[in-house]
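Structure below is data_31.csv: CSV, C-alpha atoms.
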```csv
chain,number,residue,atom,x,y,z
A,300,MET,CA,16.9,18.7,-11.7
A,301,ASP,CA,15.9,15.1,-10.7
A,302,PRO,CA,18.1,14.0,-7.8
A,303,MET,CA,17.6,10.3,-8.7
A,304,SER,CA,19.5,9.3,-11.8
A,305,LEU,CA,18.3,6.6,-14.1
A,306,ARG,CA,20.8,4.1,-12.8
A,307,ASP,CA,19.6,4.3,-9.1
A,308,ILE,CA,16.9,1.9,-8.3
A,309,SER,CA,16.2,3.2,-4.8
A,310,PRO,CA,16.4,6.7,-3.2
A,311,ASP,CA,18.7,5.0,-0.6
A,312,ALA,CA,21.5,5.4,-3.0
A,313,VAL,CA,21.1,9.2,-3.3
A,314,ILE,CA,23.5,10.5,-0.6
A,315,LEU,CA,22.9,14.1,0.0
A,316,TRP,CA,25.2,14.8,2.9
A,317,GLU,CA,27.9,12.8,4.6
A,318,TRP,CA,29.8,13.4,7.8
A,319,ARG,CA,32.1,10.9,9.6
A,320,GLY,CA,30.3,7.8,8.5
A,321,LEU,CA,26.9,9.3,9.1
A,322,SER,CA,25.2,9.7,5.8
A,323,LEU,CA,21.9,11.4,5.0
A,324,ASN,CA,20.2,9.8,2.0
A,325,ALA,CA,17.1,11.0,0.2
A,326,THR,CA,14.8,8.4,1.9
A,327,ILE,CA,15.6,9.6,5.4
A,328,LEU,CA,15.4,13.3,4.5
A,329,PHE,CA,12.0,13.0,2.7
A,330,THR,CA,10.6,10.7,5.4
A,331,TRP,CA,11.3,13.2,8.1
A,332,ALA,CA,10.1,16.0,5.9
A,333,ILE,CA,6.7,14.3,5.4
A,334,MET,CA,6.4,13.5,9.1
A,335,ALA,CA,7.2,17.1,10.0
A,336,ILE,CA,4.7,18.4,7.4
A,337,LEU,CA,1.9,16.0,8.6
A,338,VAL,CA,2.5,16.9,12.3
A,339,PHE,CA,2.8,20.6,11.7
A,340,ALA,CA,-0.2,20.8,9.4
A,341,SER,CA,-2.4,18.8,11.8
A,342,TRP,CA,-1.2,21.0,14.7
A,343,LEU,CA,-1.9,24.2,12.6
A,344,VAL,CA,-5.4,23.0,11.7
A,345,THR,CA,-6.5,21.6,15.1
A,346,ARG,CA,-5.2,24.7,17.0
A,347,ASN,CA,-8.5,26.5,16.8
A,348,LEU,CA,-11.3,24.1,16.1
A,349,SER,CA,-14.9,25.2,16.1
A,350,THR,CA,-18.0,23.2,17.0
A,351,GLY,CA,-20.4,25.6,15.3
A,352,THR,CA,-22.0,25.4,11.9
A,353,LYS,CA,-19.2,27.5,10.3
A,354,ILE,CA,-15.9,25.7,10.1
A,355,SER,CA,-12.7,26.5,8.3
A,356,ARG,CA,-12.0,24.6,5.1
A,357,TRP,CA,-8.9,23.0,6.6
A,358,GLN,CA,-11.0,21.7,9.5
A,359,ASN,CA,-13.5,20.4,7.0
A,360,LEU,CA,-10.7,18.5,5.1
A,361,LEU,CA,-9.4,16.9,8.3
A,362,GLU,CA,-12.9,16.0,9.5
A,363,THR,CA,-13.8,14.4,6.2
A,364,THR,CA,-10.5,12.4,6.1
A,365,VAL,CA,-10.8,11.1,9.7
A,366,SER,CA,-14.5,10.3,9.4
A,367,THR,CA,-14.0,8.4,6.1
A,368,MET,CA,-11.1,6.4,7.6
A,369,ARG,CA,-13.2,5.7,10.7
A,370,LYS,CA,-16.1,4.5,8.6
A,371,GLN,CA,-14.0,2.3,6.4
A,372,ILE,CA,-12.3,0.7,9.4
A,373,ARG,CA,-15.6,0.0,11.1
A,374,GLU,CA,-16.9,-1.6,7.9
A,375,ILE,CA,-13.9,-3.9,7.5
A,376,SER,CA,-13.5,-4.8,11.2
A,377,GLN,CA,-17.3,-5.1,11.6
A,378,ARG,CA,-17.3,-3.5,15.0
A,379,GLU,CA,-17.8,-0.1,16.5
A,380,THR,CA,-14.4,0.8,17.7
A,381,ASP,CA,-11.8,3.5,17.2
A,382,ARG,CA,-9.0,1.4,18.4
A,383,TYR,CA,-7.4,0.8,15.0
A,384,LEU,CA,-7.9,4.3,13.8
A,385,PRO,CA,-4.5,5.7,15.0
A,386,PHE,CA,-2.4,2.9,13.5
A,387,ILE,CA,-4.3,2.4,10.2
A,388,GLY,CA,-4.9,6.1,9.7
A,389,THR,CA,-1.2,6.9,10.2
A,390,LEU,CA,-0.2,4.3,7.7
A,391,PHE,CA,-2.7,5.6,5.1
A,392,LEU,CA,-1.9,9.3,5.6
A,393,PHE,CA,1.9,8.8,5.5
A,394,ILE,CA,1.8,6.6,2.3
A,395,ALA,CA,-0.8,8.8,0.6
A,396,VAL,CA,1.0,12.1,1.3
A,397,SER,CA,4.4,10.6,0.4
A,398,ASN,CA,3.0,9.4,-2.9
A,399,LEU,CA,1.1,12.5,-3.7
A,400,PHE,CA,4.1,14.8,-3.2
A,401,THR,CA,5.7,13.3,-6.3
A,402,ILE,CA,4.2,16.3,-8.2
A,403,ILE,CA,6.8,18.5,-6.5
A,404,PRO,CA,9.9,18.6,-8.7
A,405,GLY,CA,13.0,17.3,-7.0
A,406,TYR,CA,11.1,15.2,-4.6
A,407,VAL,CA,11.8,11.4,-4.4
A,408,PRO,CA,9.0,9.4,-2.7
A,409,PRO,CA,10.4,7.5,0.3
A,410,THR,CA,7.9,4.8,-0.4
A,411,GLY,CA,9.9,4.0,-3.5
A,412,SER,CA,12.6,2.6,-1.2
A,413,LEU,CA,12.4,-1.0,0.0
A,414,SER,CA,13.7,0.0,3.4
A,415,THR,CA,10.7,2.3,4.1
A,416,THR,CA,8.1,-0.2,2.8
A,417,ALA,CA,9.8,-3.0,4.7
A,418,ALA,CA,9.6,-0.9,7.9
A,419,LEU,CA,5.9,-0.2,7.3
A,420,ALA,CA,5.2,-3.9,6.6
A,421,ILE,CA,7.1,-5.0,9.7
A,422,SER,CA,5.1,-2.6,11.8
A,423,VAL,CA,1.9,-4.3,10.4
A,424,PHE,CA,3.5,-7.7,11.2
A,425,VAL,CA,4.0,-6.6,14.8
A,426,ALA,CA,0.6,-5.0,15.1
A,427,VAL,CA,-1.3,-8.1,14.1
A,428,PRO,CA,-0.3,-10.2,17.2
A,429,PHE,CA,-0.4,-7.0,19.4
A,430,PHE,CA,-4.1,-6.3,18.6
A,431,GLY,CA,-4.9,-10.1,18.5
A,432,ILE,CA,-3.4,-10.8,21.9
A,433,ALA,CA,-4.9,-7.6,23.4
A,434,ASP,CA,-8.3,-8.8,22.1
A,435,GLN,CA,-8.4,-12.5,22.7
A,436,GLY,CA,-5.5,-13.2,25.0
A,437,LEU,CA,-2.4,-15.2,24.2
A,438,GLY,CA,-4.2,-18.6,24.0
A,439,GLY,CA,-7.0,-17.4,21.9
A,440,PHE,CA,-4.6,-15.7,19.5
A,441,LEU,CA,-2.3,-18.8,19.2
A,442,LYS,CA,-5.3,-21.1,18.7
A,443,ARG,CA,-5.9,-19.4,15.4
A,444,TYR,CA,-2.7,-20.9,13.9
A,445,VAL,CA,-3.9,-24.4,14.4
A,446,GLN,CA,-7.5,-23.6,13.6
A,447,PRO,CA,-8.8,-26.3,11.3
A,448,THR,CA,-6.2,-28.9,12.3
A,449,TYR,CA,-2.6,-29.0,13.5
A,450,LEU,CA,-1.6,-29.8,10.0
A,451,MET,CA,-2.2,-26.2,9.0
A,452,LEU,CA,0.3,-24.8,11.4
A,453,PRO,CA,3.3,-24.4,9.0
A,454,PHE,CA,1.0,-23.0,6.3
A,455,ASN,CA,-0.4,-20.4,8.6
A,456,VAL,CA,3.1,-19.4,9.8
A,457,VAL,CA,4.4,-19.2,6.2
A,458,GLY,CA,1.4,-17.3,5.1
A,459,GLU,CA,2.0,-14.7,7.9
A,460,LEU,CA,5.6,-14.2,6.7
A,461,SER,CA,4.9,-14.2,3.0
A,462,ARG,CA,2.0,-11.7,3.2
A,463,THR,CA,4.4,-9.3,5.1
A,464,LEU,CA,6.9,-9.7,2.3
A,465,ALA,CA,4.1,-9.1,-0.3
A,466,LEU,CA,3.0,-6.0,1.5
A,467,ALA,CA,6.4,-4.5,1.4
A,468,VAL,CA,7.3,-5.5,-2.2
A,469,ARG,CA,3.9,-4.4,-3.6
A,470,LEU,CA,4.2,-0.9,-2.4
A,471,PHE,CA,7.9,-0.7,-3.3
A,472,GLY,CA,7.3,-2.1,-6.8
A,473,ASN,CA,4.4,0.1,-7.6
A,474,ILE,CA,6.0,3.4,-6.6
A,475,MET,CA,9.5,2.4,-7.9
A,476,SER,CA,8.0,1.5,-11.2
A,477,GLY,CA,6.2,4.8,-11.4
A,478,THR,CA,9.4,6.8,-10.8
A,479,LYS,CA,11.4,4.6,-13.1
A,480,ILE,CA,8.9,4.9,-16.0
A,481,ILE,CA,9.0,8.7,-15.6
A,482,ALA,CA,12.8,8.7,-15.6
A,483,ILE,CA,12.9,6.6,-18.8
A,484,LEU,CA,10.3,8.7,-20.5
A,485,LEU,CA,12.2,11.9,-19.6
A,486,ALA,CA,15.2,10.3,-21.4
A,487,ILE,CA,13.4,9.4,-24.6
A,488,ALA,CA,10.3,11.7,-24.9
A,489,PRO,CA,10.7,14.6,-22.4
A,490,LEU,CA,8.1,17.0,-23.7
A,491,ILE,CA,4.5,16.0,-22.8
A,492,PHE,CA,4.4,12.2,-22.1
A,493,PRO,CA,5.9,12.3,-18.6
A,494,ILE,CA,2.9,14.4,-17.5
A,495,PHE,CA,0.5,11.6,-18.3
A,496,MET,CA,2.6,9.0,-16.4
A,497,HIS,CA,2.8,11.5,-13.5
A,498,ALA,CA,-1.0,11.7,-13.4
A,499,LEU,CA,-1.2,8.0,-13.5
A,500,GLY,CA,1.4,7.8,-10.8
A,501,LEU,CA,-0.8,10.0,-8.5
A,502,LEU,CA,-3.7,7.7,-9.0
A,503,THR,CA,-1.6,4.6,-8.4
A,504,GLY,CA,-0.1,6.1,-5.3
A,505,LEU,CA,-3.4,6.9,-3.7
A,506,ILE,CA,-4.8,3.4,-4.6
A,507,GLN,CA,-1.7,1.8,-3.1
A,508,ALA,CA,-2.1,3.8,0.1
A,509,TYR,CA,-5.7,2.7,0.3
A,510,ILE,CA,-4.8,-0.9,-0.4
A,511,PHE,CA,-2.0,-0.9,2.1
A,512,ALA,CA,-4.3,0.4,4.8
A,513,VAL,CA,-7.1,-1.9,3.9
A,514,LEU,CA,-4.9,-5.0,3.9
A,515,ALA,CA,-3.4,-4.0,7.2
A,516,MET,CA,-6.9,-3.7,8.6
A,517,VAL,CA,-8.0,-7.0,7.1
A,518,TYR,CA,-5.0,-8.8,8.6
A,519,ILE,CA,-5.7,-7.2,12.0
A,520,GLY,CA,-9.4,-7.9,11.7
A,521,SER,CA,-8.7,-11.6,10.9
A,522,ALA,CA,-6.6,-11.9,14.0
A,523,THR,CA,-9.3,-10.4,16.3
A,524,ARG,CA,-12.5,-11.6,14.7
A,525,ALA,CA,-12.8,-15.3,15.7
A,526,GLN,CA,-14.4,-14.5,18.9
A,527,HIS,CA,-16.5,-11.8,17.4
A,528,GLU,CA,-18.2,-13.9,14.8
A,529,LYS,CA,-19.8,-16.1,17.4
A,530,GLU,CA,-21.3,-13.1,19.2
A,531,ALA,CA,-22.3,-11.3,16.0
A,532,PRO,CA,-25.9,-12.7,15.6
A,533,VAL,CA,-26.8,-11.9,19.2
A,534,GLU,CA,-25.7,-8.2,19.0
A,535,PRO,CA,-28.5,-5.8,18.0
A,536,PRO,CA,-27.7,-3.7,15.0
A,537,SER,CA,-26.4,-0.3,15.9
A,538,PRO,CA,-28.7,2.6,15.1
A,539,GLY,CA,-26.0,4.5,13.1
A,540,LYS,CA,-25.5,1.6,10.6
A,541,GLU,CA,-29.2,1.2,10.1
A,542,ARG,CA,-29.8,4.8,9.4
A,543,ALA,CA,-26.9,4.8,6.9
A,544,LYS,CA,-28.4,1.8,5.1
A,545,ASN,CA,-31.9,3.2,5.0
A,546,ASP,CA,-31.0,6.6,3.8
A,547,PRO,CA,-31.1,6.5,0.0
A,548,ARG,CA,-29.9,10.2,-0.4
A,549,LYS,CA,-26.6,9.3,1.1
A,550,GLU,CA,-26.0,6.7,-1.5
A,551,ASN,CA,-27.0,8.9,-4.3
A,552,ARG,CA,-24.7,11.7,-3.2
A,553,LYS,CA,-21.8,9.3,-3.1
A,554,ASN,CA,-22.6,8.3,-6.7
A,555,GLY,CA,-22.6,11.8,-8.1
B,102,MET,CA,33.1,-14.4,-25.5
B,103,ASP,CA,34.0,-14.0,-21.9
B,104,SER,CA,31.7,-14.6,-19.0
B,105,LEU,CA,30.7,-10.9,-18.6
B,106,THR,CA,29.2,-10.8,-22.1
B,107,TRP,CA,27.3,-14.0,-21.5
B,108,ILE,CA,25.9,-12.6,-18.2
B,109,GLY,CA,24.8,-9.4,-20.0
B,110,ILE,CA,23.1,-11.3,-22.8
B,111,ALA,CA,21.4,-13.7,-20.4
B,112,SER,CA,20.3,-10.9,-18.0
B,113,ILE,CA,18.7,-8.7,-20.7
B,114,ILE,CA,16.9,-11.6,-22.4
B,115,THR,CA,15.7,-13.0,-19.1
B,116,SER,CA,14.5,-9.7,-17.8
B,117,GLY,CA,12.5,-9.1,-20.9
B,118,LEU,CA,11.0,-12.6,-20.8
B,119,THR,CA,10.2,-12.2,-17.1
B,120,ILE,CA,8.2,-9.0,-17.5
B,121,ALA,CA,6.5,-10.3,-20.7
B,122,VAL,CA,5.4,-13.6,-19.2
B,123,GLY,CA,4.7,-12.1,-15.8
B,124,ALA,CA,2.3,-9.5,-17.3
B,125,ILE,CA,0.2,-12.1,-19.1
B,126,GLY,CA,-1.1,-14.1,-16.2
B,127,PRO,CA,-2.1,-11.2,-13.9
B,128,ALA,CA,-3.7,-9.4,-16.8
B,129,LEU,CA,-5.9,-12.3,-17.6
B,130,GLY,CA,-6.7,-12.8,-13.9
B,131,GLU,CA,-7.5,-9.2,-13.2
B,132,GLY,CA,-9.7,-9.1,-16.3
B,133,ARG,CA,-11.7,-12.0,-15.0
B,134,ALA,CA,-11.9,-10.5,-11.6
B,135,ILE,CA,-13.2,-7.2,-12.8
B,136,ALA,CA,-15.7,-8.8,-15.2
B,137,GLN,CA,-17.1,-10.8,-12.3
B,138,ALA,CA,-17.2,-7.8,-10.0
B,139,LEU,CA,-19.0,-5.7,-12.6
B,140,SER,CA,-21.7,-8.3,-13.2
B,141,ALA,CA,-22.0,-8.7,-9.4
B,142,ILE,CA,-22.5,-4.9,-9.0
B,143,ALA,CA,-25.0,-4.9,-11.9
B,144,GLN,CA,-27.0,-7.6,-10.1
B,145,GLN,CA,-26.7,-6.2,-6.6
B,146,PRO,CA,-26.0,-2.4,-6.7
B,147,ASP,CA,-26.7,-2.2,-2.9
B,148,GLU,CA,-23.6,-4.2,-2.1
B,149,ARG,CA,-21.4,-2.0,-4.3
B,150,ASN,CA,-19.2,-0.8,-1.4
B,151,THR,CA,-18.3,-4.3,-0.2
B,152,ILE,CA,-17.8,-5.6,-3.7
B,153,THR,CA,-15.6,-2.7,-4.7
B,154,ARG,CA,-13.4,-3.0,-1.5
B,155,THR,CA,-13.0,-6.7,-1.9
B,156,LEU,CA,-12.2,-6.2,-5.6
B,157,PHE,CA,-9.5,-3.8,-4.8
B,158,VAL,CA,-7.9,-6.0,-2.2
B,159,GLY,CA,-8.1,-9.0,-4.6
B,160,LEU,CA,-6.7,-7.0,-7.4
B,161,ALA,CA,-3.8,-6.0,-5.2
B,162,MET,CA,-3.2,-9.6,-4.4
B,163,ILE,CA,-3.3,-10.6,-8.1
B,164,GLU,CA,-1.2,-7.7,-9.1
B,165,SER,CA,1.6,-8.5,-6.6
B,166,THR,CA,2.6,-11.4,-8.8
B,167,ALA,CA,3.2,-9.0,-11.7
B,168,ILE,CA,5.1,-6.7,-9.3
B,169,TYR,CA,7.4,-9.6,-8.3
B,170,CYS,CA,8.2,-10.2,-11.9
B,171,PHE,CA,8.8,-6.5,-12.5
B,172,VAL,CA,11.1,-6.3,-9.4
B,173,ILE,CA,13.1,-9.3,-10.6
B,174,SER,CA,13.5,-7.8,-14.1
B,175,MET,CA,14.6,-4.5,-12.5
B,176,ILE,CA,17.1,-6.3,-10.3
B,177,LEU,CA,18.5,-8.2,-13.4
B,178,ILE,CA,19.0,-4.9,-15.2
B,179,PHE,CA,20.1,-2.4,-12.5
B,180,VAL,CA,21.6,-4.3,-9.6
B,181,ASN,CA,22.6,-7.7,-11.1
B,182,PRO,CA,24.5,-9.5,-8.4
B,183,PHE,CA,26.4,-11.8,-10.9
B,184,TRP,CA,27.4,-8.9,-13.1
B,185,ASN,CA,28.6,-7.0,-10.0
B,186,HIS,CA,30.5,-10.1,-8.9
B,187,PHE,CA,32.4,-10.4,-12.1
B,188,ILE,CA,33.0,-6.6,-12.4
B,189,SER,CA,34.6,-6.4,-9.0
B,190,ARG,CA,37.0,-9.4,-9.7
```
Go through the file and emit its structure as structure tokens.
Amino acid sequence: MDPMSLRDISPDAVILWEWRGLSLNATILFTWAIMAILVFASWLVTRNLSTGTKISRWQNLLETTVSTMRKQIREISQRETDRYLPFIGTLFLFIAVSNLFTIIPGYVPPTGSLSTTAALAISVFVAVPFFGIADQGLGGFLKRYVQPTYLMLPFNVVGELSRTLALAVRLFGNIMSGTKIIAILLAIAPLIFPIFMHALGLLTGLIQAYIFAVLAMVYIGSATRAQHEKEAPVEPPSPGKERAKNDPRKENRKNG
Amino acid sequence: MDSLTWIGIASIITSGLTIAVGAIGPALGEGRAIAQALSAIAQQPDERNTITRTLFVGLAMIESTAIYCFVISMILIFVNPFWNHFISR
């Protein structure tokens, strides 16, 4: 039933199909399956969008998701831009969906493999200088590394590398520990207890997706912010933010 | 006893110790962080969103030390390099 045995620590070891040195492991298969599902579902929903007051429930789902992600990104980056939404949103959706699909029997989350999480972390590692240089130019971006003094240069560089490692290992460790605990419980108490750990795994998976996206956004934000902070007091507050702050009903609804 | 037995004993004991000690520190740290965040939210409920987000990010940072310990103990049990080295000889 479960394709991953107790002895396998990573879904990379589960070889499903092999042909002349090309091997298809569970990580690759489920990664592509999730990508296909995400693309196909988005295409299916956005095929006929309506701008009227009556919208389909799937459009409602996508609109809520996208607007929440946009709001969070704007709060963290403290600027009114949609520039980071494609990257951060893709990271969040991919990790969240791949973690939530663990309720399907026979499915192995690809985020429980160190290769997937390392790929995601490296893409964040590349995106930070990309957005930073696009925002402040090469000199402005490199100046951040020697910011207080030149003595801080090695620490800043090591910090950049170690936080990428931490990003990869954190996601891998959380998801891998979830699947491993369920596998161990299935071996010793298979009746009811794995269900509770599965439910906990769903919660952990969603929180980890949120944390991964928020951390990526914080890293990108810290690379692009230096210039912005000097300008911040001059800028007039945007009308959208003011309204949100002054509207007490909105806060209450979120509480309930 | 041959070297394989010694490696087995050392790996099992070390992995247990690793996860035991590695769980204590982050647990204390996360408890303190949550207690501080709760009192901060109680004092300033308006800033709840910012505090909660910062709390989550901070918890993830603290928790990663526990995760490192867990990964190391898993490596010691499942894919122990020394064990594999002596098995393959």
Open item on the list: Please compute the CA of Tyr518 (chain A)-CA of Val423 (chain A) distance, one decimal, in Å.
Closed with: 8.4 Å
TODO: Kindly provide, as a ChimeraX atom specification, the residues of chain A having any atom no farther than 7 Å from an atom of chain B, counting all atoms listed in the file.
DONE: /A:306,308,465,469,472,510,514
Task: Nearest residue to Asp434 (chain A) from the set A:Tyr406, A:Tyr383, A:Tyr449, A:Phe400 (distances using all atoms listed in the file) - done: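 Closest to Asp434 (chain A) of all the choices is A:Tyr383.
Nearest-residue note for Val517 (chain A): choosing from A:His497, A:Ile372, A:Ile421, A:Ser414, the minimum distance belongs to A:Ile372, counting only C-alpha atoms.
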Task: Interatomic distance (Å, one decimal) between CA of Gln377 (chain A) and CA of Ile142 (chain B) - done: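 Result for CA of Gln377 (chain A) versus CA of Ile142 (chain B): 21.2 Å, one decimal.
The closest residue to Thr119 (chain B), picked from B:Trp107, B:Ser174, B:Gly132, B:Trp184 and counting only C-alpha atoms, is B:Ser174.
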- [ ] Please determine the residues with any atom at most 12 Å from (-0.4, 6.9, -11.5) (coordinates as given in the file, with all atoms listed in the file counting) and report them as a list in words.
- [x] Asn398, Leu399, Thr401, Ile402, Asn473, Ile474, Met475, Ser476, Gly477, Thr478, Ile480, Ile481, Pro493, Ile494, Phe495, Met496, His497, Ala498, Leu499, Gly500, Leu501, Leu502, Thr503, Gly504, Leu505, Ile506 and Gln507 of chain A
- [ ] For each of A:Gln446, A:Thr389, A:Thr463, A:Thr523, take the minimum atom-to-atom distance to Met334 (chain A), counting all atoms listed in the file, then give the residue where this is smallest.
- [x]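 Nearest to Met334 (chain A): A:Thr389.
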- [ ] Could you check how far CA of Thr115 (chain B) sits from CA of Lys479 (chain A), in Å to one decimal?
- [x]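 Computing the Euclidean distance for CA of Thr115 (chain B) and CA of Lys479 (chain A) yields 19.1 Å.
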Task: Contacts of Ala522 (chain A) within 12 Å, all atoms listed in the file, excl. fewer than 4 positions in-chain, as a PyMOL selection string - done: chain A and resi 376+423-437+439-444+446+455+459+515-518+526-528
Task: Which residue of B:Ile188, B:Ile163, B:Ile120, B:Leu105 approaches Arg133 (chain B) most closely, using all atoms listed in the file - done: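 Comparing B:Ile188, B:Ile163, B:Ile120, B:Leu105 against Arg133 (chain B), the winner is B:Ile163.
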Would it be fine to have region 104-120 of chain B, with C-alpha atoms, given as a PDB file, in the first residue's frame?
```pdb
ATOM      1  CA  SER B 104      33.868  -2.892  14.840  1.00  0.00           C
ATOM      2  CA  LEU B 105      30.389  -3.339  13.325  1.00  0.00           C
ATOM      3  CA  THR B 106      28.858  -4.034  16.734  1.00  0.00           C
ATOM      4  CA  TRP B 107      30.591  -1.019  18.229  1.00  0.00           C
ATOM      5  CA  ILE B 108      29.347   1.203  15.415  1.00  0.00           C
ATOM      6  CA  GLY B 109      25.811  -0.085  15.944  1.00  0.00           C
ATOM      7  CA  ILE B 110      25.905   0.571  19.689  1.00  0.00           C
ATOM      8  CA  ALA B 111      27.452   4.012  19.314  1.00  0.00           C
ATOM      9  CA  SER B 112      25.030   5.031  16.539  1.00  0.00           C
ATOM     10  CA  ILE B 113      21.888   4.039  18.426  1.00  0.00           C
ATOM     11  CA  ILE B 114      22.952   5.637  21.698  1.00  0.00           C
ATOM     12  CA  THR B 115      24.162   8.796  19.970  1.00  0.00           C
ATOM     13  CA  SER B 116      21.021   9.187  17.896  1.00  0.00           C
ATOM     14  CA  GLY B 117      18.854   8.856  20.999  1.00  0.00           C
ATOM     15  CA  LEU B 118      20.977  11.376  22.869  1.00  0.00           C
ATOM     16  CA  THR B 119      20.968  13.733  19.894  1.00  0.00           C
ATOM     17  CA  ILE B 120      17.209  13.949  19.626  1.00  0.00           C
TER      18      ILE B 120
END
```
